[in-house]
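To be precise, the following lines are data16.cif, and they hold mmCIF, C-alpha atoms and all ligand atoms.
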data_protein
loop_
_atom_site.group_PDB
_atom_site.id
_atom_site.type_symbol
_atom_site.label_atom_id
_atom_site.label_comp_id
_atom_site.auth_asym_id
_atom_site.auth_seq_id
_atom_site.Cartn_x
_atom_site.Cartn_y
_atom_site.Cartn_z
ATOM 1 C CA MET A 805 -12.121 23.168 9.943
ATOM 2 C CA THR A 806 -10.555 26.549 10.644
ATOM 3 C CA ILE A 807 -7.343 27.258 8.809
ATOM 4 C CA SER A 808 -5.139 29.685 10.663
ATOM 5 C CA GLY A 809 -1.560 30.913 10.613
ATOM 6 C CA LYS A 810 -0.641 27.942 12.795
ATOM 7 C CA THR A 811 -2.177 25.208 10.639
ATOM 8 C CA ARG A 812 0.347 22.535 9.658
ATOM 9 C CA VAL A 813 0.331 21.446 6.047
ATOM 10 C CA CYS A 814 0.564 17.887 4.748
ATOM 11 C CA GLY A 815 -0.257 16.592 1.309
ATOM 12 C CA VAL A 816 0.346 14.132 -1.469
ATOM 13 C CA ILE A 817 2.363 14.539 -4.651
ATOM 14 C CA GLY A 818 1.827 12.452 -7.777
ATOM 15 C CA ASP A 819 0.855 12.623 -11.418
ATOM 16 C CA PRO A 820 -2.028 12.035 -11.964
ATOM 17 C CA ILE A 821 -3.357 12.936 -8.512
ATOM 18 C CA GLU A 822 -6.984 14.006 -8.989
ATOM 19 C CA HIS A 823 -8.390 10.621 -7.936
ATOM 20 C CA SER A 824 -6.385 10.287 -4.734
ATOM 21 C CA LEU A 825 -8.475 9.294 -1.712
ATOM 22 C CA SER A 826 -5.823 10.505 0.701
ATOM 23 C CA PRO A 827 -7.099 14.104 1.112
ATOM 24 C CA ILE A 828 -10.529 12.763 2.068
ATOM 25 C CA MET A 829 -9.167 10.219 4.552
ATOM 26 C CA GLN A 830 -6.481 12.414 6.116
ATOM 27 C CA ASN A 831 -8.604 15.548 6.548
ATOM 28 C CA ALA A 832 -11.368 13.452 8.125
ATOM 29 C CA ALA A 833 -8.762 12.037 10.533
ATOM 30 C CA PHE A 834 -7.334 15.465 11.428
ATOM 31 C CA GLN A 835 -10.816 16.793 12.100
ATOM 32 C CA ALA A 836 -11.843 13.786 14.183
ATOM 33 C CA LEU A 837 -8.883 14.348 16.522
ATOM 34 C CA ASP A 838 -9.273 18.136 16.368
ATOM 35 C CA LEU A 839 -5.737 18.553 15.043
ATOM 36 C CA ASP A 840 -4.737 21.822 13.407
ATOM 37 C CA TYR A 841 -3.540 20.158 10.198
ATOM 38 C CA VAL A 842 -4.684 20.287 6.593
ATOM 39 C CA TYR A 843 -3.957 17.868 3.721
ATOM 40 C CA LEU A 844 -3.896 18.809 0.038
ATOM 41 C CA ALA A 845 -3.156 17.076 -3.270
ATOM 42 C CA PHE A 846 -0.448 18.468 -5.545
ATOM 43 C CA LYS A 847 0.015 17.446 -9.149
ATOM 44 C CA VAL A 848 3.775 17.352 -9.619
ATOM 45 C CA LYS A 849 5.394 16.545 -12.963
ATOM 46 C CA PRO A 850 8.426 14.227 -12.916
ATOM 47 C CA SER A 851 10.702 17.142 -13.898
ATOM 48 C CA CYS A 852 9.594 19.091 -10.776
ATOM 49 C CA VAL A 853 10.083 16.389 -8.106
ATOM 50 C CA ALA A 854 13.285 17.818 -6.647
ATOM 51 C CA ASP A 855 11.727 21.304 -6.423
ATOM 52 C CA ALA A 856 8.629 19.855 -4.771
ATOM 53 C CA VAL A 857 10.658 17.966 -2.144
ATOM 54 C CA ASN A 858 12.813 20.992 -1.403
ATOM 55 C CA GLY A 859 9.553 22.942 -1.139
ATOM 56 C CA ILE A 860 8.634 20.879 1.937
ATOM 57 C CA ARG A 861 11.539 22.542 3.709
ATOM 58 C CA ALA A 862 11.059 25.955 2.124
ATOM 59 C CA LEU A 863 7.360 26.108 3.030
ATOM 60 C CA ASN A 864 7.759 24.241 6.303
ATOM 61 C CA PHE A 865 5.219 21.535 5.444
ATOM 62 C CA ARG A 866 4.898 18.811 8.075
ATOM 63 C CA GLY A 867 5.143 16.092 5.464
ATOM 64 C CA LEU A 868 3.951 14.549 2.248
ATOM 65 C CA ASN A 869 2.693 11.298 0.858
ATOM 66 C CA VAL A 870 4.270 10.335 -2.415
ATOM 67 C CA THR A 871 2.509 8.350 -5.094
ATOM 68 C CA MET A 872 3.105 7.255 -8.679
ATOM 69 C CA PRO A 873 5.415 7.988 -10.416
ATOM 70 C CA HIS A 874 7.617 9.651 -7.772
ATOM 71 C CA LYS A 875 8.158 7.016 -5.068
ATOM 72 C CA LYS A 876 11.728 6.362 -6.149
ATOM 73 C CA SER A 877 12.777 9.747 -7.495
ATOM 74 C CA VAL A 878 11.984 11.618 -4.236
ATOM 75 C CA MET A 879 14.616 9.596 -2.419
ATOM 76 C CA ALA A 880 17.542 11.565 -3.849
ATOM 77 C CA ASN A 881 16.397 14.716 -2.044
ATOM 78 C CA LEU A 882 15.779 13.292 1.437
ATOM 79 C CA ASP A 883 18.131 13.500 4.422
ATOM 80 C CA ARG A 884 17.430 10.071 5.951
ATOM 81 C CA ILE A 885 15.630 7.002 4.661
ATOM 82 C CA ASP A 886 14.139 4.308 6.860
ATOM 83 C CA LEU A 887 15.681 0.842 6.357
ATOM 84 C CA SER A 888 12.543 -0.799 4.874
ATOM 85 C CA ALA A 889 12.159 2.042 2.380
ATOM 86 C CA GLN A 890 15.834 1.687 1.470
ATOM 87 C CA ILE A 891 15.441 -2.032 0.879
ATOM 88 C CA ILE A 892 12.405 -1.709 -1.363
ATOM 89 C CA ASP A 893 13.844 1.464 -2.926
ATOM 90 C CA SER A 894 10.592 3.366 -2.566
ATOM 91 C CA VAL A 895 9.280 6.142 -0.311
ATOM 92 C CA ASN A 896 5.597 6.972 0.098
ATOM 93 C CA THR A 897 5.793 9.169 3.222
ATOM 94 C CA ILE A 898 8.042 12.121 4.015
ATOM 95 C CA LEU A 899 8.300 13.698 7.466
ATOM 96 C CA ASN A 900 9.791 17.135 8.025
ATOM 97 C CA LYS A 901 11.336 17.121 11.469
ATOM 98 C CA ASP A 902 13.233 20.291 12.338
ATOM 99 C CA ASN A 903 13.953 20.879 8.662
ATOM 100 C CA LEU A 904 15.367 17.380 8.125
ATOM 101 C CA LEU A 905 13.432 15.232 5.674
ATOM 102 C CA PHE A 906 12.867 11.598 6.653
ATOM 103 C CA GLY A 907 11.573 9.022 4.144
ATOM 104 C CA PHE A 908 9.400 6.015 5.011
ATOM 105 C CA ASN A 909 7.278 3.509 3.151
ATOM 106 C CA THR A 910 3.963 2.612 4.793
ATOM 107 C CA ASP A 911 2.572 0.448 1.947
ATOM 108 C CA GLY A 912 3.944 -2.844 3.245
ATOM 109 C CA VAL A 913 3.176 -2.058 6.877
ATOM 110 C CA GLY A 914 -0.295 -0.993 5.738
ATOM 111 C CA ALA A 915 -0.887 -4.352 4.067
ATOM 112 C CA VAL A 916 0.299 -6.274 7.124
ATOM 113 C CA ARG A 917 -1.820 -4.137 9.466
ATOM 114 C CA ALA A 918 -4.839 -4.601 7.173
ATOM 115 C CA LEU A 919 -4.450 -8.366 7.408
ATOM 116 C CA LYS A 920 -3.884 -8.432 11.176
ATOM 117 C CA GLU A 921 -6.675 -5.986 12.030
ATOM 118 C CA ASN A 922 -9.020 -8.138 9.963
ATOM 119 C CA GLY A 923 -8.092 -11.255 11.879
ATOM 120 C CA VAL A 924 -5.501 -12.715 9.486
ATOM 121 C CA ALA A 925 -2.306 -13.487 11.399
ATOM 122 C CA LEU A 926 0.940 -13.939 9.460
ATOM 123 C CA LYS A 927 3.076 -15.707 12.017
ATOM 124 C CA GLY A 928 3.572 -19.367 11.113
ATOM 125 C CA ARG A 929 1.683 -18.929 7.827
ATOM 126 C CA LYS A 930 2.502 -19.504 4.183
ATOM 127 C CA VAL A 931 1.640 -16.610 1.871
ATOM 128 C CA VAL A 932 1.298 -16.513 -1.917
ATOM 129 C CA LEU A 933 1.778 -13.021 -3.345
ATOM 130 C CA LEU A 934 0.737 -12.280 -6.933
ATOM 131 C CA GLY A 935 2.664 -9.470 -8.623
ATOM 132 C CA ALA A 936 6.158 -8.015 -8.634
ATOM 133 C CA GLY A 937 5.452 -4.320 -9.280
ATOM 134 C CA GLY A 938 5.789 -1.414 -6.869
ATOM 135 C CA ALA A 939 2.997 -2.457 -4.502
ATOM 136 C CA ALA A 940 4.096 -6.107 -4.492
ATOM 137 C CA ARG A 941 7.641 -5.072 -3.639
ATOM 138 C CA ALA A 942 6.537 -3.234 -0.510
ATOM 139 C CA ILE A 943 4.155 -6.004 0.544
ATOM 140 C CA ALA A 944 6.686 -8.799 -0.105
ATOM 141 C CA TYR A 945 9.263 -7.410 2.304
ATOM 142 C CA ALA A 946 6.773 -6.573 5.066
ATOM 143 C CA VAL A 947 5.092 -9.983 4.784
ATOM 144 C CA ALA A 948 8.380 -11.902 4.582
ATOM 145 C CA LYS A 949 9.497 -10.423 7.903
ATOM 146 C CA GLU A 950 6.470 -11.937 9.668
ATOM 147 C CA ALA A 951 5.224 -14.954 7.740
ATOM 148 C CA ASP A 952 6.850 -18.378 7.733
ATOM 149 C CA GLU A 953 6.994 -18.815 3.984
ATOM 150 C CA LEU A 954 6.392 -16.613 0.963
ATOM 151 C CA ALA A 955 5.961 -17.397 -2.729
ATOM 152 C CA VAL A 956 6.045 -14.531 -5.252
ATOM 153 C CA LEU A 957 4.241 -15.234 -8.526
ATOM 154 C CA ASN A 958 4.247 -12.848 -11.472
ATOM 155 C CA ARG A 959 3.287 -12.790 -15.156
ATOM 156 C CA THR A 960 6.871 -11.786 -15.942
ATOM 157 C CA ALA A 961 8.551 -14.602 -14.030
ATOM 158 C CA LYS A 962 12.012 -13.020 -14.064
ATOM 159 C CA ASP A 963 10.637 -10.058 -12.081
ATOM 160 C CA ALA A 964 9.208 -12.496 -9.524
ATOM 161 C CA GLN A 965 12.664 -14.044 -9.254
ATOM 162 C CA ALA A 966 14.379 -10.676 -8.842
ATOM 163 C CA LEU A 967 11.915 -9.683 -6.096
ATOM 164 C CA ALA A 968 12.264 -13.040 -4.372
ATOM 165 C CA ARG A 969 16.079 -12.751 -4.337
ATOM 166 C CA LEU A 970 15.912 -9.206 -2.958
ATOM 167 C CA VAL A 971 13.513 -10.103 -0.156
ATOM 168 C CA GLU A 972 15.252 -13.390 0.593
ATOM 169 C CA LYS A 973 18.449 -11.507 1.333
ATOM 170 C CA ALA A 974 16.782 -8.713 3.298
ATOM 171 C CA ALA A 975 14.454 -10.890 5.389
ATOM 172 C CA ASN A 976 16.810 -13.866 5.577
ATOM 173 C CA LYS A 977 14.101 -16.328 4.540
ATOM 174 C CA ARG A 978 13.791 -18.596 1.521
ATOM 175 C CA ILE A 979 11.326 -17.119 -0.958
ATOM 176 C CA VAL A 980 9.881 -19.127 -3.835
ATOM 177 C CA ALA A 981 9.414 -17.444 -7.242
ATOM 178 C CA ALA A 982 7.183 -18.620 -10.087
ATOM 179 C CA SER A 983 4.992 -17.487 -12.958
ATOM 180 C CA ILE A 984 1.298 -16.659 -12.622
ATOM 181 C CA GLU A 985 0.188 -19.546 -14.861
ATOM 182 C CA PRO A 986 -2.669 -21.584 -13.306
ATOM 183 C CA GLU A 987 -0.345 -24.620 -12.799
ATOM 184 C CA ASP A 988 2.080 -22.522 -10.780
ATOM 185 C CA ILE A 989 -0.712 -20.873 -8.805
ATOM 186 C CA ASP A 990 -2.221 -24.286 -8.094
ATOM 187 C CA ALA A 991 1.085 -25.799 -6.971
ATOM 188 C CA ASN A 992 1.876 -22.889 -4.655
ATOM 189 C CA LEU A 993 -1.608 -22.483 -3.205
ATOM 190 C CA GLN A 994 -1.886 -26.152 -2.180
ATOM 191 C CA ASP A 995 -0.356 -25.690 1.265
ATOM 192 C CA SER A 996 -0.832 -21.912 1.632
ATOM 193 C CA ASP A 997 -2.903 -20.006 4.152
ATOM 194 C CA ILE A 998 -3.032 -16.526 2.628
ATOM 195 C CA LEU A 999 -3.305 -15.233 -0.950
ATOM 196 C CA ILE A 1000 -2.563 -11.585 -1.754
ATOM 197 C CA ASN A 1001 -3.271 -10.130 -5.172
ATOM 198 C CA ALA A 1002 -0.915 -7.214 -5.857
ATOM 199 C CA THR A 1003 -1.398 -7.264 -9.633
ATOM 200 C CA SER A 1004 -3.816 -4.905 -11.339
ATOM 201 C CA VAL A 1005 -5.923 -7.774 -12.708
ATOM 202 C CA GLY A 1006 -9.622 -7.173 -11.970
ATOM 203 C CA MET A 1007 -9.314 -3.400 -11.786
ATOM 204 C CA LYS A 1008 -11.910 -1.241 -13.545
ATOM 205 C CA PRO A 1009 -12.775 -1.432 -16.420
ATOM 206 C CA ARG A 1010 -11.772 -5.135 -16.620
ATOM 207 C CA ILE A 1011 -13.877 -6.131 -13.655
ATOM 208 C CA ASP A 1012 -14.707 -9.617 -14.970
ATOM 209 C CA GLU A 1013 -11.075 -10.705 -14.842
ATOM 210 C CA THR A 1014 -9.422 -12.518 -11.973
ATOM 211 C CA PRO A 1015 -5.808 -13.606 -11.532
ATOM 212 C CA VAL A 1016 -6.897 -16.905 -9.922
ATOM 213 C CA PRO A 1017 -9.485 -19.293 -11.387
ATOM 214 C CA ILE A 1018 -12.179 -20.005 -8.782
ATOM 215 C CA GLU A 1019 -11.369 -23.753 -8.905
ATOM 216 C CA LEU A 1020 -8.020 -22.987 -7.264
ATOM 217 C CA LEU A 1021 -9.527 -21.137 -4.276
ATOM 218 C CA ARG A 1022 -10.577 -22.807 -1.018
ATOM 219 C CA SER A 1023 -12.681 -21.821 1.956
ATOM 220 C CA ASN A 1024 -9.668 -21.991 4.300
ATOM 221 C CA LEU A 1025 -7.555 -19.599 2.223
ATOM 222 C CA ALA A 1026 -7.650 -15.964 3.420
ATOM 223 C CA VAL A 1027 -7.622 -13.618 0.421
ATOM 224 C CA MET A 1028 -6.570 -9.981 0.235
ATOM 225 C CA ASP A 1029 -6.954 -8.152 -3.081
ATOM 226 C CA ILE A 1030 -5.225 -4.773 -3.097
ATOM 227 C CA VAL A 1031 -7.435 -3.636 -5.999
ATOM 228 C CA TYR A 1032 -10.193 -1.430 -4.494
ATOM 229 C CA ASN A 1033 -11.761 -0.190 -7.687
ATOM 230 C CA PRO A 1034 -14.251 -1.932 -7.891
ATOM 231 C CA LEU A 1035 -14.785 -2.212 -4.136
ATOM 232 C CA GLU A 1036 -15.326 -5.947 -4.520
ATOM 233 C CA THR A 1037 -13.251 -7.593 -7.260
ATOM 234 C CA LYS A 1038 -14.125 -10.843 -8.992
ATOM 235 C CA LEU A 1039 -11.394 -12.544 -6.958
ATOM 236 C CA ALA A 1040 -12.939 -11.240 -3.724
ATOM 237 C CA LYS A 1041 -16.446 -12.280 -4.822
ATOM 238 C CA ASP A 1042 -15.281 -15.772 -5.774
ATOM 239 C CA ALA A 1043 -13.436 -16.229 -2.486
ATOM 240 C CA LYS A 1044 -16.422 -14.956 -0.501
ATOM 241 C CA ALA A 1045 -18.768 -17.300 -2.376
ATOM 242 C CA LEU A 1046 -16.619 -20.218 -1.194
ATOM 243 C CA GLY A 1047 -16.793 -18.968 2.380
ATOM 244 C CA ALA A 1048 -13.187 -17.740 2.519
ATOM 245 C CA LYS A 1049 -12.066 -14.804 4.659
ATOM 246 C CA VAL A 1050 -11.649 -11.757 2.393
ATOM 247 C CA VAL A 1051 -9.785 -8.530 3.164
ATOM 248 C CA SER A 1052 -10.624 -5.684 0.800
ATOM 249 C CA GLY A 1053 -8.045 -3.489 -0.909
ATOM 250 C CA VAL A 1054 -9.508 -0.454 0.833
ATOM 251 C CA GLU A 1055 -8.123 -1.858 4.086
ATOM 252 C CA MET A 1056 -4.529 -1.597 2.841
ATOM 253 C CA LEU A 1057 -5.223 1.919 1.603
ATOM 254 C CA ILE A 1058 -6.631 2.884 5.006
ATOM 255 C CA TYR A 1059 -3.793 1.383 7.013
ATOM 256 C CA GLN A 1060 -1.016 2.822 4.851
ATOM 257 C CA GLY A 1061 -2.714 6.198 5.367
ATOM 258 C CA ALA A 1062 -3.120 5.531 9.086
ATOM 259 C CA SER A 1063 0.598 4.764 9.370
ATOM 260 C CA SER A 1064 1.508 8.008 7.547
ATOM 261 C CA PHE A 1065 -0.874 9.960 9.813
ATOM 262 C CA GLU A 1066 0.873 8.485 12.855
ATOM 263 C CA ILE A 1067 4.309 9.459 11.503
ATOM 264 C CA TRP A 1068 3.231 13.113 11.070
ATOM 265 C CA THR A 1069 1.121 13.572 14.184
ATOM 266 C CA GLY A 1070 2.562 11.075 16.671
ATOM 267 C CA LYS A 1071 -1.028 10.069 17.495
ATOM 268 C CA SER A 1072 -2.944 6.835 16.887
ATOM 269 C CA ALA A 1073 -4.938 7.203 13.700
ATOM 270 C CA PRO A 1074 -8.752 7.188 13.953
ATOM 271 C CA VAL A 1075 -8.983 4.219 11.600
ATOM 272 C CA GLU A 1076 -12.774 3.934 11.745
ATOM 273 C CA VAL A 1077 -13.152 7.574 10.680
ATOM 274 C CA MET A 1078 -10.687 7.055 7.809
ATOM 275 C CA ARG A 1079 -12.498 3.894 6.695
ATOM 276 C CA LYS A 1080 -15.870 5.650 6.722
ATOM 277 C CA ALA A 1081 -14.512 8.624 4.756
ATOM 278 C CA ALA A 1082 -12.873 6.384 2.125
ATOM 279 C CA LEU A 1083 -15.844 4.038 1.754
ATOM 280 C CA THR A 1084 -18.401 6.854 1.566
ATOM 281 C CA HIS A 1085 -16.409 8.450 -1.212
ATOM 282 C CA LEU A 1086 -15.854 5.199 -3.123
ATOM 283 C CA GLU A 1087 -19.492 4.136 -2.791
ATOM 284 C CA LYS A 1088 -20.640 7.524 -4.097
ATOM 285 C CA LYS A 1089 -18.367 7.131 -7.104
ATOM 286 C CA ALA A 1090 -19.393 3.510 -7.831
HETATM 287 P P1 LIG B 1101 1.724 -1.153 -8.815
HETATM 288 O O1 LIG B 1101 2.482 0.073 -8.432
HETATM 289 O O2 LIG B 1101 0.244 -1.048 -8.590
HETATM 290 O O3 LIG B 1101 2.303 -2.371 -8.199
HETATM 291 P P2 LIG B 1101 3.002 -1.879 -11.298
HETATM 292 O O4 LIG B 1101 4.322 -1.609 -10.663
HETATM 293 O O5 LIG B 1101 2.754 -1.381 -12.676
HETATM 294 O O6 LIG B 1101 1.834 -1.270 -10.415
HETATM 295 O O7 LIG B 1101 2.738 -3.452 -11.241
HETATM 296 C C1 LIG B 1101 1.644 -4.062 -11.859
HETATM 297 C C2 LIG B 1101 1.648 -5.555 -11.535
HETATM 298 O O8 LIG B 1101 0.468 -6.150 -12.112
HETATM 299 C C3 LIG B 1101 2.826 -6.307 -12.133
HETATM 300 O O9 LIG B 1101 3.162 -7.385 -11.292
HETATM 301 C C4 LIG B 1101 2.259 -6.806 -13.470
HETATM 302 O O10 LIG B 1101 2.895 -7.949 -13.991
HETATM 303 P P3 LIG B 1101 4.194 -7.811 -14.975
HETATM 304 O O11 LIG B 1101 5.358 -7.558 -14.061
HETATM 305 O O12 LIG B 1101 4.278 -9.092 -15.682
HETATM 306 O O13 LIG B 1101 3.897 -6.638 -15.874
HETATM 307 C C5 LIG B 1101 0.870 -7.169 -13.032
HETATM 308 N N1 LIG B 1101 -0.088 -7.203 -14.145
HETATM 309 C C6 LIG B 1101 -0.615 -6.150 -14.819
HETATM 310 N N2 LIG B 1101 -1.481 -6.563 -15.762
HETATM 311 C C7 LIG B 1101 -1.490 -7.937 -15.700
HETATM 312 C C8 LIG B 1101 -2.188 -8.969 -16.418
HETATM 313 N N3 LIG B 1101 -3.071 -8.689 -17.388
HETATM 314 N N4 LIG B 1101 -1.961 -10.255 -16.049
HETATM 315 C C9 LIG B 1101 -1.104 -10.564 -15.059
HETATM 316 N N5 LIG B 1101 -0.409 -9.628 -14.341
HETATM 317 C C10 LIG B 1101 -0.601 -8.338 -14.658
#
Could I get this file's structure written as structure tokens?
Ligand code: ATR
Amino acid sequence: MTISGKTRVCGVIGDPIEHSLSPIMQNAAFQALDLDYVYLAFKVKPSCVADAVNGIRALNFRGLNVTMPHKKSVMANLDRIDLSAQIIDSVNTILNKDNLLFGFNTDGVGAVRALKENGVALKGRKVVLLGAGGAARAIAYAVAKEADELAVLNRTAKDAQALARLVEKAANKRIVAASIEPEDIDANLQDSDILINATSVGMKPRIDETPVPIELLRSNLAVMDIVYNPLETKLAKDAKALGAKVVSGVEMLIYQGASSFEIWTGKSAPVEVMRKAALTHLEKKA
């Protein structure tokens, strides 16, 4: 990679940011397509978010990804916000186009692309989504637009209800809300086709935990776990052992990054290159 006076700068802001996989994936993608872009990680404290966003304009960056805890707070300093990002009240991608800052959210689209590209169609399907946090919010809206039915289950049931009401209104579809107790999971999984875990259950160091007892899984239930640390969660292992289709959390990470790449460059993302870069890094760390 040769950095010159013409190199366009992209990056990610968050706090903490050291463990972000985005620089590895995005720089590999820029290099694969021989694009004169570079991608860096910036640790930005909550009190500096407005300065950081205004810095995109001041320094003429092409754009930024935004991660925890700034996905909501960046919105106040943008010029235009895409409708999906407005609905879920969260921006993870900023584009600087002629000094106007546009906000998008590629998390939900990334999850839907990850499912589709791995052979899991949403049209006509019933989906059970576990979680009602930031990631679940993005996924719920994107999935609700395409699937036939959606049930949102969360430990804090009132948050599941709030998310269900929000998405129901936005996607104009009835959304079921329930708790994450095994009885509720069982009842909702009975006639479902796809299960998505968007809780943090099973994440390192608690790798022996799963949000769904294995007895409730079936071979004809496609399972996506957005946890990618470990690379294969207990939920994914259990589902695989039963012969179910499993989509790894790395896939969502790759496709949200691919969608951001496409927003900045206007080119199709080299997904295979991004996957290889992310997996090589994660496998080295494991
Ligand atoms: P993210 O941005 O990754 O979505 P988050 O907004 O903190 O992170 O959301 C974490 C999700 O994991 C929430 O749905 C949370 O449930 P609560 O709303 O009840 O807190 C869920 N979660 C975290 N730890 C959990 C646990 N031990 N059991 C069940 N759900 C859990």
**Asked** Quick one, how far is atom CA of A:Asp1042 from atom CA of A:Ala991?
**Response**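 Between atom CA of A:Asp1042 and atom CA of A:Ala991 the gap is 19.2 Å.
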**Counting all atoms listed in the file, the option among A:Asn1033, A:Gln1060, A:Asn881, A:Thr1003 closest to A:Ala1090** =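 Residue with the minimum atom-to-atom distance to A:Ala1090: A:Asn1033.
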**Asked** Hey, can you pull every residue with an atom no more than 12 Å from (-14.6, -13.4, -0.7), using all atoms listed in the file, and send it as a VMD selection string?
**Response** chain A and resid 999 1018 1021 to 1029 1035 to 1053
Padding 8 Å on every side, please: axis-aligned box over the listed atoms of ligand LIG 1101 (chain B), centre and edge lengths to one decimal in Å, as lines of an AutoDock Vina configuration file.
center_x = 1.1
center_y = -5.2
center_z = -12.8
size_x = 24.4
size_y = 26.6
size_z = 25.2
**Item:** Length of the atom CA of A:Leu1020 to atom CA of A:Ala955 vector [Å]
**Value:** 15.7 Å
**Message:** Evaluated on this file, the PyMOL selection byres (((chain A and resi 932) around 8) and not hetatm) picks out some residues - which ones are they, written as a ChimeraX atom specification?
**Reply:** /A:930-931,933-934,954-957,992-993,996,998-1000
Expected file contents, prior selection, C-alpha atoms, as a CSV table (one decimal), in the coordinates of the input:
chain,number,residue,atom,x,y,z
A,930,LYS,CA,2.5,-19.5,4.2
A,931,VAL,CA,1.6,-16.6,1.9
A,933,LEU,CA,1.8,-13.0,-3.3
A,934,LEU,CA,0.7,-12.3,-6.9
A,954,LEU,CA,6.4,-16.6,1.0
A,955,ALA,CA,6.0,-17.4,-2.7
A,956,VAL,CA,6.0,-14.5,-5.3
A,957,LEU,CA,4.2,-15.2,-8.5
A,992,ASN,CA,1.9,-22.9,-4.7
A,993,LEU,CA,-1.6,-22.5,-3.2
A,996,SER,CA,-0.8,-21.9,1.6
A,998,ILE,CA,-3.0,-16.5,2.6
A,999,LEU,CA,-3.3,-15.2,-1.0
A,1000,ILE,CA,-2.6,-11.6,-1.8
**Request:** Can you give me, as an NGL selection string, the residues this file yields under the PyMOL selection byres (((not hetatm)) within 6 of (chain B and resi 1101))?
**Result:** :A and (935-940 or 958-960 or 1003-1005)
**Prompt:** Which value, in Å to one decimal, gives the distance between atom CA of A:Arg1079 and atom CA of A:Val842?
**Reply:**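 Going from atom CA of A:Arg1079 over to atom CA of A:Val842, I get 18.2 Å.
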**Message:** Going by the chain IDs and residue numbers used in this file, which residues fall under the PyMOL selection byres (((chain A and resi 861) around 10) and not hetatm)? Write them as a PyMOL selection string.
**Reply:** chain A and resi 856-860+862-867+900-905
**Request:** Name the closest residue to A:Glu1076 among the candidates A:Ala832, A:Leu887, A:Ala961, A:Ile821; distances are taken between atoms, counting all atoms listed in the file.
**Result:**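 Looking at the shortest contact to A:Glu1076, the residue is A:Ala832.
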Output requested as a short mmCIF file (atom, residue, chain, number, x, y, z; two decimals), in the coordinates of the input - stretch 865-879 of chain A, filled out with N, CA and C atoms.
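Once everything was written out, this is part_16.cif:
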data_model
loop_
_atom_site.label_atom_id
_atom_site.label_comp_id
_atom_site.auth_asym_id
_atom_site.auth_seq_id
_atom_site.Cartn_x
_atom_site.Cartn_y
_atom_site.Cartn_z
N PHE A 865 6.29 22.54 5.38
CA PHE A 865 5.22 21.54 5.44
C PHE A 865 5.62 20.51 6.51
N ARG A 866 4.60 19.88 7.11
CA ARG A 866 4.90 18.81 8.07
C ARG A 866 5.32 17.53 7.36
N GLY A 867 4.75 17.30 6.19
CA GLY A 867 5.14 16.09 5.46
C GLY A 867 4.30 15.87 4.23
N LEU A 868 4.70 14.88 3.47
CA LEU A 868 3.95 14.55 2.25
C LEU A 868 3.83 13.04 2.09
N ASN A 869 2.74 12.63 1.44
CA ASN A 869 2.69 11.30 0.86
C ASN A 869 3.20 11.43 -0.57
N VAL A 870 3.73 10.34 -1.06
CA VAL A 870 4.27 10.34 -2.42
C VAL A 870 3.64 9.17 -3.15
N THR A 871 3.08 9.46 -4.33
CA THR A 871 2.51 8.35 -5.09
C THR A 871 3.10 8.33 -6.49
N MET A 872 2.56 7.45 -7.33
CA MET A 872 3.10 7.26 -8.68
C MET A 872 3.21 8.58 -9.42
N PRO A 873 4.25 8.84 -10.16
CA PRO A 873 5.42 7.99 -10.42
C PRO A 873 6.66 8.43 -9.64
N HIS A 874 6.47 8.98 -8.43
CA HIS A 874 7.62 9.65 -7.77
C HIS A 874 8.22 8.90 -6.58
N LYS A 875 7.74 7.68 -6.31
CA LYS A 875 8.16 7.02 -5.07
C LYS A 875 9.66 6.74 -5.00
N LYS A 876 10.28 6.59 -6.15
CA LYS A 876 11.73 6.36 -6.15
C LYS A 876 12.48 7.69 -6.30
N SER A 877 12.00 8.54 -7.18
CA SER A 877 12.78 9.75 -7.50
C SER A 877 12.86 10.73 -6.31
N VAL A 878 11.89 10.70 -5.39
CA VAL A 878 11.98 11.62 -4.24
C VAL A 878 13.17 11.29 -3.34
N MET A 879 13.62 10.05 -3.40
CA MET A 879 14.62 9.60 -2.42
C MET A 879 15.92 10.40 -2.48
#
